[in-house]
Amino acid sequence: MKTKATSPERKRPKVWSETQYANLIRYVPSGTFYARVRVCGKLIRKSLQTDKISVARLRLGDFVKDQRQAVLSSAPTDSVKSLAEEILKHSDSDYTTKPSTKKYRQECLQMLERAAPELFAMPADKVTQAACAEIAKRLADRYSATRFNGILTVLRALFDLAVKRGWCHQNPASPIKRARVSQKELKLPTSEQFESLLAYLDQHSPRGAFLVRFLTFSGCRIDEARHVKWSDVDFASERLTIRGNPIHRTKNSEIRTIPLFASTKALLESRVDRDPDAHIIQNHEVRRALRNACQAADIAPLSHHDFRHLFATRCIESGVDIPTVSRWLGHKDGGALAMRTYGHLRDEHSREQAKKVVF
């Protein structure tokens, strides 16, 4: 049985056509140009009463300026201080934001207010690009590149909110460029210095020595190490599960599993009390003991995070490829960050291996 062929759907004629100019469209049936602009979330469209594009472009600029001024003049403008308070209030109520991120955001706002107290007293619509540029220069002279970028992110967020509220039509901080962060030079201890460091901690801070060994042998971040329980250790399969904070998980919000290296296994097996529900790390940080140990070993001051670098360095020097080390560290970029940070180690290893090649 033959089926009756269906006729193709008739396409509706095109009424509006875009132009190469922003906010300028054309009504096809009459050829008249229209202005179309969104101001503070409101879409406004109006005829420019001409079919000549040169005239339409001249009228468009005046129309956009008038519409934005009309909306801004009718919107009640508040100070930048109120925007900062609103951002902090929203951050506190956002359960998806990590506590460390909230604290960092608050610190950046406090630093911004200390560096530019006059900004927080100004109405949002009175802050100009020149004022933001001057404040940025002040911040760059006072803070590191990393901290500058953090404060700049908060500064932009303030005026993004102001634009959303209709207090200004563009963000005056958007033209400011982020500072270039130079690669940090790693000053890690040699094997002999590391042993001297541990010897001091074994004598003066046994718990600190255990924490330093665990960080070095696992590559955990300090916040991840604090939340590792004995139930996360699988001695039979020789695996260690890193879960991170119970609410926010690890830094990239994922759980990862790493091998239970021989040194890590020996360290954990040395502990007698292994309650599955108990945390492995009993003390959360050893800054003072670590500072004293570094002085005693005559090495540069080390932070908790430096032992994560030491873990990665030892792995690469032992011949482990960078993508594998990157997975153990919990990176999600396939090794790009690890390559930037530890790539020189691979070059040194390559040169040493090249000496073995004979043609």
# chains A, B, ... in the order shown; residues from 1 in each chain; ligands from 1
>>> select_by_dssp(residues="range 26-247 of chain A", states="strand (DSSP E)", output="PyMOL selection string")
chain A and resi 26-27+32-39+42-47+233-234+239-242
>>> residues_around(residues="Arg291 in chain A", least_positions_apart="3", cutoff="9 Å", atoms="only C-alpha atoms", output="list in words")
Val286, Arg287, Arg288, Cys294, Gln295, Ala296, Pro301, Leu302 and Ser303 of chain A
>>> atom_distance(atom1="CA of Leu329 in chain A", atom2="CA of His279 in chain A")
20.4 Å
>>> select_by_dssp(residues="range 222-308 of chain A", states="helix (DSSP H, G or I)", output="MDAnalysis selection string")
chainID A and resid 222:226 230:232 262:269 287:297 306:308
>>> residues_around(residues="Thr128 in chain A", least_positions_apart="3", cutoff="7 Å", atoms="only C-alpha atoms", output="list in words")
Ala131, Cys132 and Pro172 of chain A
>>> residues_around(residues="Ile299 in chain A", least_positions_apart="6", cutoff="12 Å", atoms="only C-alpha atoms", output="ChimeraX atom specification")
/A:187-197,290-293
>>> atom_distance(atom1="CA of Arg59 in chain A", atom2="CA of Glu18 in chain A")
17.0 Å
>>> residues_around(residues="Ser326 in chain A", least_positions_apart="2", cutoff="12 Å", atoms="only C-alpha atoms", output="mmCIF file with N, CA and C atoms, in the first residue's frame")
data_model
loop_
_atom_site.group_PDB
_atom_site.id
_atom_site.type_symbol
_atom_site.label_atom_id
_atom_site.label_comp_id
_atom_site.auth_asym_id
_atom_site.auth_seq_id
_atom_site.Cartn_x
_atom_site.Cartn_y
_atom_site.Cartn_z
ATOM 1 N N GLY A 219 51.326 12.648 49.060
ATOM 2 C CA GLY A 219 51.053 13.760 48.154
ATOM 3 C C GLY A 219 49.751 14.462 48.456
ATOM 4 N N ARG A 256 39.546 10.395 44.986
ATOM 5 C CA ARG A 256 40.553 9.687 44.192
ATOM 6 C C ARG A 256 41.195 8.586 45.023
ATOM 7 N N ILE A 258 44.808 6.338 45.373
ATOM 8 C CA ILE A 258 46.217 6.284 44.999
ATOM 9 C C ILE A 258 46.815 4.995 45.544
ATOM 10 N N ARG A 308 53.887 18.165 49.511
ATOM 11 C CA ARG A 308 53.189 17.665 48.328
ATOM 12 C C ARG A 308 54.090 17.822 47.095
ATOM 13 N N HIS A 309 54.786 18.958 47.024
ATOM 14 C CA HIS A 309 55.767 19.145 45.948
ATOM 15 C C HIS A 309 56.905 18.129 46.068
ATOM 16 N N PHE A 311 56.722 15.151 47.318
ATOM 17 C CA PHE A 311 56.177 13.864 46.852
ATOM 18 C C PHE A 311 56.271 13.767 45.330
ATOM 19 N N ALA A 312 55.780 14.804 44.634
ATOM 20 C CA ALA A 312 55.793 14.792 43.167
ATOM 21 C C ALA A 312 57.220 14.751 42.635
ATOM 22 N N THR A 313 58.122 15.482 43.276
ATOM 23 C CA THR A 313 59.511 15.505 42.844
ATOM 24 C C THR A 313 60.154 14.128 42.963
ATOM 25 N N CYS A 315 58.663 11.254 42.987
ATOM 26 C CA CYS A 315 58.041 10.338 42.025
ATOM 27 C C CYS A 315 58.661 10.492 40.643
ATOM 28 N N ILE A 316 58.818 11.751 40.200
ATOM 29 C CA ILE A 316 59.352 12.007 38.866
ATOM 30 C C ILE A 316 60.822 11.609 38.789
ATOM 31 N N VAL A 320 58.683 7.914 37.343
ATOM 32 C CA VAL A 320 57.243 7.871 37.082
ATOM 33 C C VAL A 320 56.898 8.985 36.103
ATOM 34 N N ASP A 321 56.090 8.660 35.086
ATOM 35 C CA ASP A 321 55.743 9.675 34.096
ATOM 36 C C ASP A 321 54.819 10.724 34.699
ATOM 37 N N ILE A 322 54.873 11.926 34.126
ATOM 38 C CA ILE A 322 54.143 13.066 34.676
ATOM 39 C C ILE A 322 52.626 12.869 34.661
ATOM 40 N N PRO A 323 52.005 12.323 33.598
ATOM 41 C CA PRO A 323 50.549 12.110 33.654
ATOM 42 C C PRO A 323 50.116 11.229 34.831
ATOM 43 N N THR A 324 50.920 10.200 35.153
ATOM 44 C CA THR A 324 50.585 9.336 36.293
ATOM 45 C C THR A 324 50.708 10.096 37.599
ATOM 46 N N TRP A 328 47.831 10.986 40.536
ATOM 47 C CA TRP A 328 48.012 10.748 41.969
ATOM 48 C C TRP A 328 47.795 12.025 42.767
ATOM 49 N N LEU A 329 48.170 13.163 42.175
ATOM 50 C CA LEU A 329 47.987 14.444 42.857
ATOM 51 C C LEU A 329 46.538 14.927 42.821
ATOM 52 N N GLY A 330 45.731 14.340 41.937
ATOM 53 C CA GLY A 330 44.335 14.749 41.828
ATOM 54 C C GLY A 330 44.108 15.858 40.829
ATOM 55 N N HIS A 331 45.058 16.089 39.923
ATOM 56 C CA HIS A 331 44.866 17.089 38.874
ATOM 57 C C HIS A 331 43.948 16.535 37.790
ATOM 58 N N LYS A 332 43.211 17.421 37.148
ATOM 59 C CA LYS A 332 42.270 17.006 36.112
ATOM 60 C C LYS A 332 42.668 17.504 34.723
ATOM 61 N N ASP A 333 43.891 18.032 34.595
ATOM 62 C CA ASP A 333 44.307 18.633 33.328
ATOM 63 C C ASP A 333 45.215 17.733 32.503
ATOM 64 N N GLY A 334 45.316 16.485 32.893
ATOM 65 C CA GLY A 334 46.121 15.553 32.121
ATOM 66 C C GLY A 334 47.620 15.718 32.303
ATOM 67 N N GLY A 335 48.039 16.542 33.235
ATOM 68 C CA GLY A 335 49.462 16.730 33.511
ATOM 69 C C GLY A 335 50.009 18.081 33.114
ATOM 70 N N ALA A 336 49.140 18.990 32.630
ATOM 71 C CA ALA A 336 49.615 20.303 32.183
ATOM 72 C C ALA A 336 50.232 21.100 33.339
ATOM 73 N N LEU A 337 49.528 21.145 34.478
ATOM 74 C CA LEU A 337 50.041 21.880 35.634
ATOM 75 C C LEU A 337 51.312 21.233 36.168
ATOM 76 N N ALA A 338 51.311 19.922 36.259
ATOM 77 C CA ALA A 338 52.496 19.218 36.754
ATOM 78 C C ALA A 338 53.678 19.427 35.819
ATOM 79 N N MET A 339 53.413 19.504 34.515
ATOM 80 C CA MET A 339 54.486 19.722 33.551
ATOM 81 C C MET A 339 55.104 21.101 33.738
ATOM 82 N N ARG A 340 54.251 22.110 33.980
ATOM 83 C CA ARG A 340 54.768 23.462 34.199
ATOM 84 C C ARG A 340 55.577 23.533 35.496
ATOM 85 N N THR A 341 55.123 22.801 36.509
ATOM 86 C CA THR A 341 55.753 22.890 37.823
ATOM 87 C C THR A 341 56.997 22.028 37.929
ATOM 88 N N TYR A 342 56.936 20.823 37.362
ATOM 89 C CA TYR A 342 58.024 19.861 37.550
ATOM 90 C C TYR A 342 58.702 19.452 36.246
ATOM 91 N N GLY A 343 58.407 20.162 35.160
ATOM 92 C CA GLY A 343 58.959 19.774 33.867
ATOM 93 C C GLY A 343 60.470 19.757 33.837
#
>>> closest_residue(among="A:Leu109, A:Val212, A:Val358, A:Asp78", to="Phe148 in chain A", atoms="only C-alpha atoms")
A:Leu109
>>> closest_residue(among="A:Pro276, A:Thr96, A:Arg327, A:Gly319", to="Thr257 in chain A", atoms="only C-alpha atoms")
A:Arg327
>>> residues_around(residues="Arg114 in chain A", least_positions_apart="2", cutoff="12 Å", atoms="only C-alpha atoms", output="list of chain:residue names")
A:Glu107, A:Cys108, A:Leu109, A:Gln110, A:Met111, A:Leu112, A:Ala116, A:Pro117, A:Glu118, A:Leu119, A:Phe120, A:Ile135, A:Arg138, A:Leu139, A:Arg142, A:Tyr143, A:Ile151
>>> atom_distance(atom1="CA of Pro175 in chain A", atom2="CA of Ala130 in chain A")
10.1 Å
